[in-house]
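*Asks:* The structure file my_file_7.cif (mmCIF, C-alpha atoms and all ligand atoms) is provided below.
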```cif
data_final
loop_
_atom_site.label_atom_id
_atom_site.label_comp_id
_atom_site.auth_asym_id
_atom_site.auth_seq_id
_atom_site.Cartn_x
_atom_site.Cartn_y
_atom_site.Cartn_z
CA MET D 51 38.05 4.25 -16.96
CA ASN D 52 34.82 6.17 -17.07
CA LYS D 53 34.45 8.72 -14.30
CA TYR D 54 31.20 10.10 -15.70
CA ARG D 55 27.97 8.58 -14.43
CA ASP D 56 25.52 11.00 -15.94
CA TYR D 57 25.25 12.83 -19.27
CA ASP D 58 23.30 15.81 -17.87
CA ASN D 59 25.80 16.33 -15.07
CA TYR D 60 28.67 16.25 -17.54
CA THR D 61 27.16 18.90 -19.83
CA LYS D 62 26.35 21.08 -16.80
CA GLU D 63 29.91 20.85 -15.53
CA TYR D 64 31.70 21.39 -18.87
CA PRO D 65 32.42 23.98 -19.98
CA ASN D 66 32.31 26.34 -16.98
CA GLU D 67 30.93 29.87 -17.35
CA GLU D 68 34.14 31.21 -18.85
CA GLY D 69 34.14 28.44 -21.42
CA TYR D 70 36.80 26.21 -19.85
CA PHE D 71 36.98 22.46 -20.17
CA GLY D 72 39.45 21.94 -17.34
CA LYS D 73 42.40 24.10 -18.37
CA TYR D 74 41.46 24.10 -22.06
CA GLY D 75 39.23 26.52 -23.95
CA GLY D 76 38.52 30.08 -22.77
CA ALA D 77 38.40 33.21 -24.91
CA PHE D 78 41.70 34.95 -25.68
CA MET D 79 41.19 38.15 -27.68
CA ASP D 80 43.12 41.41 -27.96
CA ASP D 81 40.47 43.50 -29.70
CA PRO D 82 38.05 44.98 -27.09
CA GLU D 83 35.31 45.13 -29.75
CA LEU D 84 35.64 41.37 -30.23
CA VAL D 85 35.50 40.79 -26.49
CA LYS D 86 32.19 42.67 -26.42
CA ALA D 87 30.91 40.83 -29.47
CA PHE D 88 31.67 37.40 -28.00
CA GLN D 89 30.14 38.33 -24.65
CA GLU D 90 26.92 39.26 -26.41
CA TYR D 91 27.12 36.03 -28.39
CA ALA D 92 27.58 33.86 -25.28
CA ASP D 93 24.73 35.65 -23.48
CA GLY D 94 22.48 35.21 -26.52
CA TYR D 95 23.30 31.54 -26.79
CA ASN D 96 22.80 30.86 -23.08
CA THR D 97 19.37 32.46 -22.95
CA ILE D 98 17.83 31.97 -26.41
CA ALA D 99 19.05 28.48 -27.28
CA GLN D 100 17.52 27.03 -24.10
CA SER D 101 14.02 28.38 -24.84
CA SER D 102 11.38 25.86 -25.84
CA GLN D 103 10.49 27.95 -28.89
CA PHE D 104 14.07 27.82 -30.21
CA ILE D 105 14.38 24.11 -29.51
CA SER D 106 11.13 23.22 -31.26
CA GLU D 107 11.92 25.39 -34.29
CA LEU D 108 15.36 23.77 -34.62
CA ARG D 109 13.76 20.34 -34.33
CA ARG D 110 11.35 21.16 -37.15
CA ILE D 111 14.17 22.46 -39.38
CA ARG D 112 16.16 19.29 -38.82
CA LYS D 113 13.24 17.13 -39.81
CA ASP D 114 11.71 19.07 -42.71
CA PHE D 115 14.75 20.76 -44.26
CA GLN D 116 17.77 18.65 -43.35
CA GLY D 117 16.07 15.27 -43.62
CA ARG D 118 16.89 14.11 -40.08
CA PRO D 119 17.09 11.67 -38.48
CA THR D 120 19.79 10.23 -40.71
CA PRO D 121 19.96 6.42 -40.53
CA THR D 122 22.35 4.21 -38.63
CA TYR D 123 23.25 1.33 -40.92
CA HIS D 124 24.72 -2.12 -40.25
CA CYS D 125 27.48 -2.84 -42.79
CA GLN D 126 26.89 -6.58 -43.01
CA ARG D 127 28.88 -7.37 -46.12
CA LEU D 128 31.89 -5.39 -44.94
CA SER D 129 31.67 -6.91 -41.45
CA ASN D 130 31.42 -10.47 -42.81
CA LEU D 131 34.43 -9.87 -45.00
CA LEU D 132 36.53 -8.69 -42.06
CA GLY D 133 35.59 -11.28 -39.44
CA MET D 134 33.45 -11.17 -36.33
CA THR D 135 33.30 -7.45 -35.59
CA GLN D 136 30.03 -5.78 -36.56
CA ILE D 137 30.49 -2.32 -38.06
CA TYR D 138 27.66 0.22 -38.06
CA VAL D 139 27.80 3.66 -39.67
CA LYS D 140 25.90 6.82 -38.72
CA ARG D 141 25.03 8.33 -42.08
CA GLU D 142 25.76 12.05 -41.90
CA ASP D 143 26.53 11.77 -45.61
CA LEU D 144 22.73 11.75 -45.98
CA ASN D 145 22.27 15.00 -44.06
CA HIS D 146 21.28 17.81 -46.48
CA THR D 147 24.38 19.19 -48.29
CA GLY D 148 26.12 15.85 -47.70
CA ALA D 149 27.91 16.33 -44.38
CA HIS D 150 27.41 17.03 -40.69
CA LYS D 151 28.46 20.70 -40.92
CA LEU D 152 24.93 21.84 -41.68
CA ASN D 153 23.88 20.68 -38.17
CA HIS D 154 25.67 23.57 -36.49
CA CYS D 155 25.22 26.05 -39.36
CA MET D 156 21.41 25.77 -39.08
CA GLY D 157 21.68 26.21 -35.31
CA GLU D 158 23.90 29.28 -35.74
CA GLY D 159 21.56 30.72 -38.37
CA LEU D 160 18.54 30.23 -36.12
CA LEU D 161 20.38 31.88 -33.24
CA ALA D 162 21.23 34.83 -35.53
CA LYS D 163 17.55 35.18 -36.37
CA TYR D 164 16.52 35.19 -32.69
CA MET D 165 19.30 37.71 -31.90
CA GLY D 166 17.93 40.02 -34.60
CA LYS D 167 21.01 39.78 -36.87
CA LYS D 168 20.84 40.18 -40.63
CA LYS D 169 24.12 38.69 -41.78
CA LEU D 170 26.23 35.55 -41.29
CA ILE D 171 30.03 35.89 -41.55
CA ALA D 172 32.59 33.10 -41.85
CA GLU D 173 35.81 32.05 -43.50
CA THR D 174 36.26 28.87 -45.47
CA GLY D 175 39.25 26.84 -46.65
CA ALA D 176 38.18 24.04 -48.94
CA GLY D 177 34.71 25.59 -49.10
CA GLN D 178 32.71 22.96 -47.21
CA HIS D 179 31.87 25.24 -44.29
CA GLY D 180 31.14 28.13 -46.67
CA VAL D 181 28.63 26.04 -48.60
CA ALA D 182 26.89 24.83 -45.43
CA LEU D 183 26.65 28.35 -44.06
CA ALA D 184 25.47 29.81 -47.38
CA THR D 185 22.75 27.15 -47.31
CA ALA D 186 21.66 28.28 -43.84
CA ALA D 187 21.71 31.94 -44.94
CA ALA D 188 19.48 31.15 -47.93
CA TYR D 189 17.07 29.27 -45.67
CA PHE D 190 16.82 32.15 -43.20
CA GLY D 191 16.88 34.90 -45.84
CA MET D 192 20.06 36.46 -44.47
CA GLU D 193 23.08 38.03 -46.09
CA CYS D 194 26.19 35.87 -46.05
CA ASP D 195 29.82 37.00 -46.37
CA ILE D 196 32.36 34.20 -46.81
CA TYR D 197 36.04 35.13 -46.63
CA MET D 198 38.26 32.88 -48.68
CA GLY D 199 41.94 33.02 -49.62
CA GLU D 200 42.63 33.68 -53.30
CA VAL D 201 44.68 30.50 -53.51
CA ASP D 202 41.74 28.45 -52.21
CA ILE D 203 39.28 30.25 -54.52
CA ALA D 204 41.36 29.16 -57.48
CA LYS D 205 41.48 25.54 -56.25
CA GLN D 206 37.85 25.14 -55.20
CA ALA D 207 35.83 26.38 -58.16
CA PRO D 208 32.78 24.10 -57.64
CA ASN D 209 32.31 25.19 -54.01
CA VAL D 210 32.78 28.86 -54.93
CA ALA D 211 30.05 28.41 -57.55
CA ARG D 212 27.77 26.71 -54.99
CA MET D 213 28.20 29.54 -52.49
CA LYS D 214 27.42 32.15 -55.14
CA LEU D 215 24.40 30.25 -56.37
CA LEU D 216 23.15 30.09 -52.79
CA GLY D 217 23.35 33.88 -52.65
CA ALA D 218 26.52 34.34 -50.57
CA ARG D 219 29.24 36.91 -51.26
CA VAL D 220 32.63 35.22 -51.59
CA ILE D 221 35.19 37.82 -50.53
CA PRO D 222 38.73 37.11 -51.78
CA VAL D 223 41.53 37.49 -49.22
CA SER D 224 44.70 38.59 -50.94
CA PHE D 225 47.30 39.15 -48.21
CA GLY D 226 49.93 36.76 -46.79
CA ALA D 227 49.74 33.20 -48.08
CA LYS D 228 46.15 33.87 -49.25
CA THR D 229 44.77 30.70 -47.64
CA LEU D 230 42.70 29.70 -44.61
CA LYS D 231 44.75 31.41 -41.90
CA GLU D 232 44.45 34.81 -43.59
CA ALA D 233 40.77 34.19 -44.27
CA VAL D 234 40.23 33.61 -40.52
CA ASP D 235 41.91 36.95 -39.74
CA ALA D 236 39.84 38.78 -42.35
CA ALA D 237 36.58 37.26 -41.11
CA PHE D 238 37.36 38.15 -37.47
CA ASN D 239 38.18 41.74 -38.48
CA ALA D 240 34.89 42.00 -40.35
CA TYR D 241 33.02 40.60 -37.36
CA ALA D 242 34.64 43.10 -34.97
CA GLU D 243 33.29 45.90 -37.20
CA GLU D 244 29.88 44.45 -37.99
CA TYR D 245 28.82 42.53 -34.89
CA ARG D 246 25.84 44.76 -34.21
CA ASP D 247 24.19 43.43 -37.39
CA ALA D 248 26.02 40.17 -37.99
CA ILE D 249 27.20 37.03 -36.30
CA TYR D 250 30.33 35.06 -36.97
CA CYS D 251 29.76 31.37 -37.58
CA ILE D 252 32.61 29.01 -36.89
CA GLY D 253 33.03 25.79 -38.87
CA THR D 254 34.01 23.44 -36.04
CA ALA D 255 33.93 22.92 -32.26
CA ALA D 256 36.92 25.22 -31.73
CA GLY D 257 37.56 28.96 -31.35
CA PRO D 258 36.84 31.23 -28.38
CA HIS D 259 33.91 30.59 -26.00
CA PRO D 260 30.98 30.08 -26.75
CA PHE D 261 31.84 28.24 -30.00
CA PRO D 262 33.10 24.93 -28.59
CA LEU D 263 30.04 24.71 -26.33
CA MET D 264 27.55 25.81 -28.96
CA VAL D 265 28.84 23.60 -31.77
CA ARG D 266 29.05 20.62 -29.39
CA ASP D 267 25.43 21.12 -28.43
CA PHE D 268 24.21 21.54 -32.04
CA GLN D 269 26.19 18.49 -33.21
CA SER D 270 25.04 16.28 -30.33
CA VAL D 271 22.02 15.37 -32.42
CA VAL D 272 24.37 12.98 -34.25
CA GLY D 273 25.27 10.97 -31.15
CA GLN D 274 21.78 11.14 -29.68
CA GLU D 275 20.18 9.73 -32.80
CA ALA D 276 22.89 7.13 -33.32
CA ARG D 277 22.71 5.91 -29.71
CA ALA D 278 18.94 5.45 -29.85
CA GLN D 279 19.05 3.84 -33.31
CA PHE D 280 21.84 1.47 -32.35
CA ILE D 281 20.02 0.32 -29.22
CA GLU D 282 16.79 -0.09 -31.15
CA GLN D 283 18.48 -2.28 -33.76
CA THR D 284 20.67 -4.40 -31.49
CA GLY D 285 19.21 -4.18 -27.99
CA HIS D 286 22.54 -3.02 -26.55
CA LEU D 287 25.20 -0.31 -26.69
CA PRO D 288 28.12 -0.51 -29.12
CA ASP D 289 31.46 -1.59 -27.64
CA LYS D 290 33.33 1.17 -29.43
CA VAL D 291 32.34 4.48 -31.02
CA MET D 292 34.67 6.35 -33.35
CA ALA D 293 34.78 9.48 -35.46
CA ALA D 294 37.35 11.50 -37.42
CA VAL D 295 38.80 14.56 -35.69
CA GLY D 296 39.71 17.71 -37.59
CA GLY D 297 38.61 20.62 -35.42
CA GLY D 298 36.47 18.04 -33.66
CA SER D 299 32.80 18.87 -34.31
CA ASN D 300 31.44 15.60 -35.71
CA ALA D 301 33.46 13.66 -33.15
CA ILE D 302 32.35 15.65 -30.11
CA GLY D 303 28.72 15.54 -31.26
CA THR D 304 29.04 11.78 -31.63
CA PHE D 305 30.85 11.16 -28.33
CA ILE D 306 29.10 13.30 -25.73
CA PRO D 307 25.76 11.40 -25.71
CA PHE D 308 27.83 8.26 -24.90
CA ILE D 309 29.96 9.97 -22.23
CA ALA D 310 28.36 8.18 -19.27
CA ASP D 311 28.09 4.80 -21.02
CA PRO D 312 30.48 1.86 -20.72
CA VAL D 313 31.61 2.48 -24.29
CA GLU D 314 35.13 3.05 -25.58
CA LEU D 315 35.35 6.36 -27.46
CA ILE D 316 38.04 6.80 -30.10
CA GLY D 317 38.95 9.96 -32.01
CA VAL D 318 40.80 9.35 -35.27
CA GLU D 319 43.30 12.00 -36.30
CA PRO D 320 44.84 12.48 -39.76
CA GLY D 321 48.25 10.80 -39.71
CA GLY D 322 48.94 11.97 -43.26
CA ARG D 323 52.34 10.77 -44.46
CA GLY D 324 53.87 10.20 -41.02
CA ALA D 325 55.09 11.74 -37.77
CA GLY D 326 57.44 14.40 -39.21
CA TYR D 327 56.86 18.16 -39.08
CA GLY D 328 54.33 19.25 -41.71
CA GLU D 329 53.50 15.65 -42.65
CA ASN D 330 50.27 15.28 -40.65
CA ALA D 331 47.54 17.24 -38.85
CA ALA D 332 47.25 15.09 -35.71
CA SER D 333 47.17 17.91 -33.14
CA ILE D 334 46.52 15.70 -30.13
CA THR D 335 48.86 12.86 -31.04
CA TYR D 336 51.83 15.02 -32.03
CA GLY D 337 51.01 18.48 -30.60
CA ARG D 338 51.42 20.27 -27.29
CA GLU D 339 49.43 22.72 -25.22
CA GLY D 340 49.14 26.27 -26.57
CA VAL D 341 46.83 29.15 -27.43
CA MET D 342 45.81 29.61 -31.06
CA HIS D 343 42.80 31.33 -32.65
CA GLY D 344 41.57 32.52 -29.25
CA PHE D 345 41.51 29.29 -27.21
CA ASN D 346 43.84 26.98 -25.30
CA SER D 347 44.20 23.40 -26.53
CA TYR D 348 46.66 20.99 -28.08
CA MET D 349 48.25 22.50 -31.15
CA LEU D 350 50.88 21.79 -33.74
CA ALA D 351 53.33 24.65 -33.57
CA ASP D 352 56.77 25.42 -34.92
CA GLU D 353 59.63 26.41 -32.61
CA ASP D 354 58.48 29.98 -31.96
CA GLY D 355 54.93 28.88 -31.14
CA ALA D 356 53.30 29.87 -34.44
CA PRO D 357 50.82 27.44 -36.05
CA ALA D 358 52.74 24.70 -37.84
CA ALA D 359 52.36 23.68 -41.45
CA VAL D 360 49.90 20.79 -41.50
CA TYR D 361 49.02 18.19 -44.08
CA SER D 362 46.38 15.55 -44.73
CA ASN D 363 44.82 14.20 -47.90
CA ALA D 364 41.47 15.13 -46.27
CA SER D 365 41.23 18.91 -46.58
CA GLY D 366 38.57 19.02 -43.84
CA LEU D 367 41.00 17.55 -41.31
CA ASP D 368 44.09 19.71 -41.81
CA TYR D 369 43.75 22.10 -38.89
CA PRO D 370 46.75 22.72 -36.57
CA SER D 371 44.70 22.74 -33.35
CA VAL D 372 41.68 20.87 -32.02
CA GLY D 373 38.54 21.69 -30.03
CA PRO D 374 39.36 22.17 -26.32
CA GLU D 375 36.88 19.55 -25.09
CA HIS D 376 38.88 16.89 -26.92
CA ALA D 377 42.05 18.09 -25.20
CA MET D 378 40.40 17.64 -21.81
CA LEU D 379 38.90 14.25 -22.65
CA ARG D 380 42.28 13.04 -23.81
CA ASP D 381 44.00 14.14 -20.59
CA GLN D 382 41.27 12.43 -18.57
CA GLY D 383 41.66 9.26 -20.58
CA ARG D 384 37.95 9.23 -21.40
CA VAL D 385 38.60 9.34 -25.16
CA ASN D 386 41.52 7.64 -26.91
CA TYR D 387 43.06 9.36 -29.91
CA VAL D 388 44.78 7.44 -32.68
CA THR D 389 46.04 8.24 -36.17
CA VAL D 390 45.23 6.79 -39.57
CA SER D 391 47.42 7.43 -42.62
CA ASP D 392 46.36 8.93 -45.96
CA GLU D 393 46.54 5.56 -47.61
CA GLU D 394 44.64 3.62 -44.95
CA ALA D 395 41.83 6.15 -45.32
CA ILE D 396 41.66 5.66 -49.08
CA GLU D 397 41.59 1.88 -48.66
CA ALA D 398 38.57 2.28 -46.35
CA LEU D 399 36.88 4.60 -48.85
CA VAL D 400 37.30 2.02 -51.60
CA MET D 401 36.06 -0.85 -49.40
CA LEU D 402 32.89 0.90 -48.22
CA SER D 403 32.12 1.90 -51.80
CA LYS D 404 32.62 -1.60 -53.14
CA TYR D 405 31.03 -3.67 -50.38
CA GLU D 406 28.23 -1.40 -49.17
CA GLY D 407 27.44 1.02 -52.00
CA ILE D 408 28.35 4.06 -49.92
CA ILE D 409 31.08 6.46 -51.08
CA PRO D 410 32.35 8.27 -47.96
CA ALA D 411 34.36 11.49 -47.73
CA ILE D 412 38.11 11.02 -47.22
CA GLU D 413 37.67 12.70 -43.81
CA SER D 414 35.09 10.13 -42.70
CA SER D 415 37.15 7.33 -44.23
CA HIS D 416 39.80 7.97 -41.57
CA ALA D 417 37.36 6.90 -38.84
CA LEU D 418 36.20 3.90 -40.87
CA ALA D 419 39.81 2.85 -41.53
CA HIS D 420 40.45 2.53 -37.81
CA ALA D 421 37.32 0.38 -37.42
CA ILE D 422 38.52 -1.85 -40.26
CA LYS D 423 41.95 -2.14 -38.64
CA LEU D 424 40.40 -3.22 -35.31
CA ALA D 425 38.01 -5.62 -37.02
CA ARG D 426 40.97 -7.35 -38.66
CA GLU D 427 42.92 -7.52 -35.38
CA VAL D 428 40.25 -8.34 -32.86
CA GLY D 429 39.19 -11.92 -33.23
CA LYS D 430 36.07 -11.61 -31.08
CA PRO D 431 32.50 -10.56 -31.67
CA GLU D 432 32.16 -6.88 -30.85
CA SER D 433 30.35 -3.92 -32.34
CA ILE D 434 31.72 -0.62 -33.56
CA LEU D 435 29.73 2.48 -34.43
CA VAL D 436 31.48 4.86 -36.85
CA THR D 437 30.26 8.33 -37.73
CA LEU D 438 30.41 8.85 -41.49
CA SER D 439 30.70 12.62 -41.39
CA GLY D 440 30.10 13.19 -45.11
CA ARG D 441 29.86 11.83 -48.63
CA GLY D 442 32.77 11.43 -50.99
CA ASP D 443 31.52 12.97 -54.23
CA LYS D 444 33.74 16.01 -53.63
CA ASP D 445 36.80 13.74 -53.46
CA LEU D 446 36.34 11.56 -56.55
CA ASP D 447 38.63 13.41 -58.96
CA TYR D 448 41.38 13.58 -56.35
CA VAL D 449 41.09 9.89 -55.46
CA LEU D 450 41.15 8.76 -59.06
CA GLU D 451 44.10 10.94 -59.94
CA ASN D 452 46.23 10.03 -56.92
CA TYR D 453 45.17 6.52 -55.97
CA GLY D 454 43.37 5.16 -59.04
CA GLU D 455 46.21 2.94 -60.13
CA LYS D 456 47.07 1.64 -56.68
CA PHE D 457 43.50 0.64 -55.88
CA ASN D 458 42.63 -0.48 -59.36
CA ILE D 459 39.81 1.99 -60.03
C1 LIG G 501 34.83 19.52 -42.14
C2 LIG G 501 34.68 18.07 -42.18
C3 LIG G 501 35.25 17.24 -41.19
C4 LIG G 501 36.11 17.74 -40.08
O1 LIG G 501 35.52 18.64 -39.20
P1 LIG G 501 35.20 18.31 -37.69
O2 LIG G 501 34.89 19.62 -37.10
O3 LIG G 501 36.43 17.69 -37.07
O4 LIG G 501 34.06 17.37 -37.66
C5 LIG G 501 35.01 15.87 -41.25
N1 LIG G 501 34.28 15.34 -42.26
C6 LIG G 501 33.73 16.09 -43.22
C7 LIG G 501 32.95 15.42 -44.29
C8 LIG G 501 33.92 17.48 -43.22
O5 LIG G 501 33.36 18.23 -44.21
#
```
Could you write out this file's structure as structure tokens?
Ligand SMILES: *Cc1c(COP(=O)(O)O)cnc(C)c1O
*Replies:*
Amino acid sequence: MNKYRDYDNYTKEYPNEEGYFGKYGGAFMDDPELVKAFQEYADGYNTIAQSSQFISELRRIRKDFQGRPTPTYHCQRLSNLLGMTQIYVKREDLNHTGAHKLNHCMGEGLLAKYMGKKKLIAETGAGQHGVALATAAAYFGMECDIYMGEVDIAKQAPNVARMKLLGARVIPVSFGAKTLKEAVDAAFNAYAEEYRDAIYCIGTAAGPHPFPLMVRDFQSVVGQEARAQFIEQTGHLPDKVMAAVGGGSNAIGTFIPFIADPVELIGVEPGGRGAGYGENAASITYGREGVMHGFNSYMLADEDGAPAAVYSNASGLDYPSVGPEHAMLRDQGRVNYVTVSDEEAIEALVMLSKYEGIIPAIESSHALAHAIKLAREVGKPESILVTLSGRGDKDLDYVLENYGEKFNI
């Protein structure tokens, strides 16, 4: 059921002024300096980002620097192979740097410039967000401090090299487990100290207000372009629209422009190796309500409420919570959330490569895998639009090593 009749009304209603999507979202912070910093951030976003000057500068950056609009492409060979369903992909793999993350990093960088800041701060796990943000910092001529766990630094040498080449400082985090969680803490601490000169840039549509709102708005370019391109090519709306959900940024940016349309929206979560504890990162499917990293949403937690161990073969999807707007849309039944396993995702990656000449990221392959599954099941002509959030070059070694034999590559 679709209770929304109008896209503009929806975005005016959600989130409310305190950053709530129904009961989800908000801004939960102990440090009074951080409360001040986020208030300034929200005020800056609400005033500056609505100005026509900001909007036209961001539009120019997207066109001249990022190479937007990215195409929407009809996968005819793949569709014919599967049956009657027509699969279309929105090609965020062709966005500069090879994924959708740059969409919100350029927006955050431009906001920093208008707010008079000189530095961008963030953490990174696998390094994808760090590279996108370092790219934005280079473009705007700003300093960039990326906090990264020592364990991740050792694992992600190519992305560390990219960040350094782009002029960022990669700051090793050497306490606790020395991975993403500790890097988040270190980056927040740095922000609390430096917020007069710096802004913190989140990597997904999660975190305290205003991040879920801001990232949703910056990523909505994906759904807006795809909706117009799809209608131009086919003369109608797609029956179904799907995207992979980690923290939820490419999915929310894809979905919201379709919110008032008679279109089924499907978020695809990483099912990993199965339903057991620590075997997946499907926060909506297997999680429950709770506050983590400063916002209320669905989360995967262990018995005492701490973030659970999560797993997926897509490093960009293994986050134990999810953006609060997704939590609300799930409760309302407006978006359906499903899971896809590690292996189903790899099968989709191999098929798109072989039949269409496009090598997608393992993250994006989760969304495509669900489309392939439906195309095999549904014996009727319908159309599915899938957001391909990024390209798979970063995943090739891993895929060959772990799945080469099974998929005969
Ligand atoms: C980071 C990443 C994701 C997951 O992030 P969302 O915020 O859920 O979109 C998906 N695909 C790619 C290619 C990524 O780099």
*Asks:* All residues within 6 Å of ligand LIG 501 (chain G) are required, counting only C-alpha atoms and all ligand atoms; please report them as number ranges by chain.
*Replies:* D: 149, 178, 254-255, 295-301, 366-367, 411, 413-414, 439-440
*Asks:* Work out where the centre of an axis-aligned box around every listed atom of region 345-358 of chain D lies and how long its edges are once 4 Å is added on each side; give both in Å to one decimal as AutoDock Vina command-line options.
*Replies:*
```
--center_x 50.6 --center_y 25.5 --center_z -31.6 --size_x 26.1 --size_y 17.0 --size_z 20.5
```
*Asks:* D:Val360, D:Glu67, D:Ala211, D:Asp195: which is nearest Phe238 (chain D), counting all atoms listed in the file?
*Replies:*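 Among the listed residues, the smallest separation from Phe238 (chain D) belongs to D:Asp195.
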*Asks:* Hey, what's within 10 Å of region 74-76 of chain D if we count all atoms listed in the file and toss same-chain stuff fewer than 3 positions away? As a PyMOL selection string, please?
*Replies:* chain D and resi 65-71+79+256-263+339-341+344-348+373-378
*Asks:* Could you save the residues just selected, with C-alpha atoms, as an mmCIF file, keeping the file's coordinate frame?
*Replies:*
```
data_model
loop_
_atom_site.group_PDB
_atom_site.id
_atom_site.type_symbol
_atom_site.label_atom_id
_atom_site.label_comp_id
_atom_site.auth_asym_id
_atom_site.auth_seq_id
_atom_site.Cartn_x
_atom_site.Cartn_y
_atom_site.Cartn_z
ATOM 1 C CA PRO D 65 32.420 23.980 -19.980
ATOM 2 C CA ASN D 66 32.310 26.340 -16.980
ATOM 3 C CA GLU D 67 30.930 29.870 -17.350
ATOM 4 C CA GLU D 68 34.140 31.210 -18.850
ATOM 5 C CA GLY D 69 34.140 28.440 -21.420
ATOM 6 C CA TYR D 70 36.800 26.210 -19.850
ATOM 7 C CA PHE D 71 36.980 22.460 -20.170
ATOM 8 C CA MET D 79 41.190 38.150 -27.680
ATOM 9 C CA ALA D 256 36.920 25.220 -31.730
ATOM 10 C CA GLY D 257 37.560 28.960 -31.350
ATOM 11 C CA PRO D 258 36.840 31.230 -28.380
ATOM 12 C CA HIS D 259 33.910 30.590 -26.000
ATOM 13 C CA PRO D 260 30.980 30.080 -26.750
ATOM 14 C CA PHE D 261 31.840 28.240 -30.000
ATOM 15 C CA PRO D 262 33.100 24.930 -28.590
ATOM 16 C CA LEU D 263 30.040 24.710 -26.330
ATOM 17 C CA GLU D 339 49.430 22.720 -25.220
ATOM 18 C CA GLY D 340 49.140 26.270 -26.570
ATOM 19 C CA VAL D 341 46.830 29.150 -27.430
ATOM 20 C CA GLY D 344 41.570 32.520 -29.250
ATOM 21 C CA PHE D 345 41.510 29.290 -27.210
ATOM 22 C CA ASN D 346 43.840 26.980 -25.300
ATOM 23 C CA SER D 347 44.200 23.400 -26.530
ATOM 24 C CA TYR D 348 46.660 20.990 -28.080
ATOM 25 C CA GLY D 373 38.540 21.690 -30.030
ATOM 26 C CA PRO D 374 39.360 22.170 -26.320
ATOM 27 C CA GLU D 375 36.880 19.550 -25.090
ATOM 28 C CA HIS D 376 38.880 16.890 -26.920
ATOM 29 C CA ALA D 377 42.050 18.090 -25.200
ATOM 30 C CA MET D 378 40.400 17.640 -21.810
#
```
*Asks:* Could you please determine the separation between CA of Val388 (chain D) and CA of Gly317 (chain D) in Å, to one decimal place?
*Replies:*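 Those two atoms sit 6.4 Å apart.
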*Asks:* So that each row is one residue of region 275-332 of chain D with an atom at most 12 Å from region 395-406 of chain D, can you give its shortest atom pair and the distance in Å to one decimal, using all atoms listed in the file, rows by chain and rising number, as a tab-separated table?
*Replies:*
```
residue	atom	partner	partner_atom	distance
D:Ala294	CA	D:Ala395	CA	10.5
D:Val318	CA	D:Ala395	CA	10.6
D:Glu319	CA	D:Ala395	CA	10.9
D:Pro320	CA	D:Ala395	CA	8.9
D:Gly321	CA	D:Ala395	CA	9.7
D:Gly322	CA	D:Ala395	CA	9.4
D:Arg323	CA	D:Ala395	CA	11.5
```
*Asks:* Quick one: write out the picked residues with C-alpha atoms as a PDB file, in the frame of the given file?
*Replies:*
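Dumped to out11.pdb:
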```
ATOM      1  CA  ALA D 294      37.350  11.500 -37.420  1.00  0.00           C
ATOM      2  CA  VAL D 318      40.800   9.350 -35.270  1.00  0.00           C
ATOM      3  CA  GLU D 319      43.300  12.000 -36.300  1.00  0.00           C
ATOM      4  CA  PRO D 320      44.840  12.480 -39.760  1.00  0.00           C
ATOM      5  CA  GLY D 321      48.250  10.800 -39.710  1.00  0.00           C
ATOM      6  CA  GLY D 322      48.940  11.970 -43.260  1.00  0.00           C
ATOM      7  CA  ARG D 323      52.340  10.770 -44.460  1.00  0.00           C
TER       8      ARG D 323
END
```
*Asks:* What is the distance, in Å and to one decimal place, between CA of Ile334 (chain D) and CA of Ser415 (chain D)?
*Replies:*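 Between CA of Ile334 (chain D) and CA of Ser415 (chain D) the gap is 18.9 Å.
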*Asks:* Mind giving me the straight-line distance from CA of Ser433 (chain D) to CA of Cys125 (chain D) in Å, one decimal?
*Replies:*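 Calculated distance between CA of Ser433 (chain D) and CA of Cys125 (chain D) is 10.9 Å.
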*Asks:* Restricting the calculation to only C-alpha atoms, which member of D:Leu315, D:Val449, D:Ile409, D:Ala176 is positioned closest to Lys205 (chain D)?
*Replies:*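 Under the stated criterion, the closest residue is D:Ala176.
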*Asks:* Looking at D:Ala425, D:Met292, D:Ala278, D:Gly253, which one is nearest to Tyr369 (chain D), with distances taken over only C-alpha atoms?
*Replies:*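 Of D:Ala425, D:Met292, D:Ala278, D:Gly253, the one nearest Tyr369 (chain D) is D:Gly253, counting only C-alpha atoms.
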*Asks:* Nearest to Met264 (chain D): which of D:Ile137, D:Val385, D:Ala227, D:Met156 is it, counting only C-alpha atoms?
*Replies:* D:Met156
*Asks:* Point out the residue among D:Gly324, D:Gly94, D:Tyr60, D:Asn52 with the least atom-to-atom distance to Gly383 (chain D), counting all atoms listed in the file.
*Replies:*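 Residue with the minimum atom-to-atom distance to Gly383 (chain D): D:Asn52.
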*Asks:* So which residues are close to (21.3, 32.0, -44.4), meaning at most 10 Å away in the file's coordinates with all atoms listed in the file counted, and can you show them as a count of residues only?
*Replies:* 27
*Asks:* Could you check which of D:Met165, D:Val181, D:Ala240, D:Ala421 is closest to Val436 (chain D), using only C-alpha atoms?
*Replies:*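 The answer is D:Ala421, which sits nearest to Val436 (chain D).
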*Asks:* If we count all atoms listed in the file and set the cut-off at 10 Å, which residues sit around Pro307 (chain D), ignoring sequence neighbours fewer than 5 positions away in its own chain? Please answer as an MDAnalysis selection string.
*Replies:* chainID D and resid 56:58 60:61 270:278 302
*Asks:* Report as a PyMOL selection string all protein, DNA and RNA residues lying within 7 Å of region 139-141 of chain D, evaluated on all atoms listed in the file, omitting residues in the same chain fewer than 6 positions from it.
*Replies:* chain D and resi 120-124+276+435-438
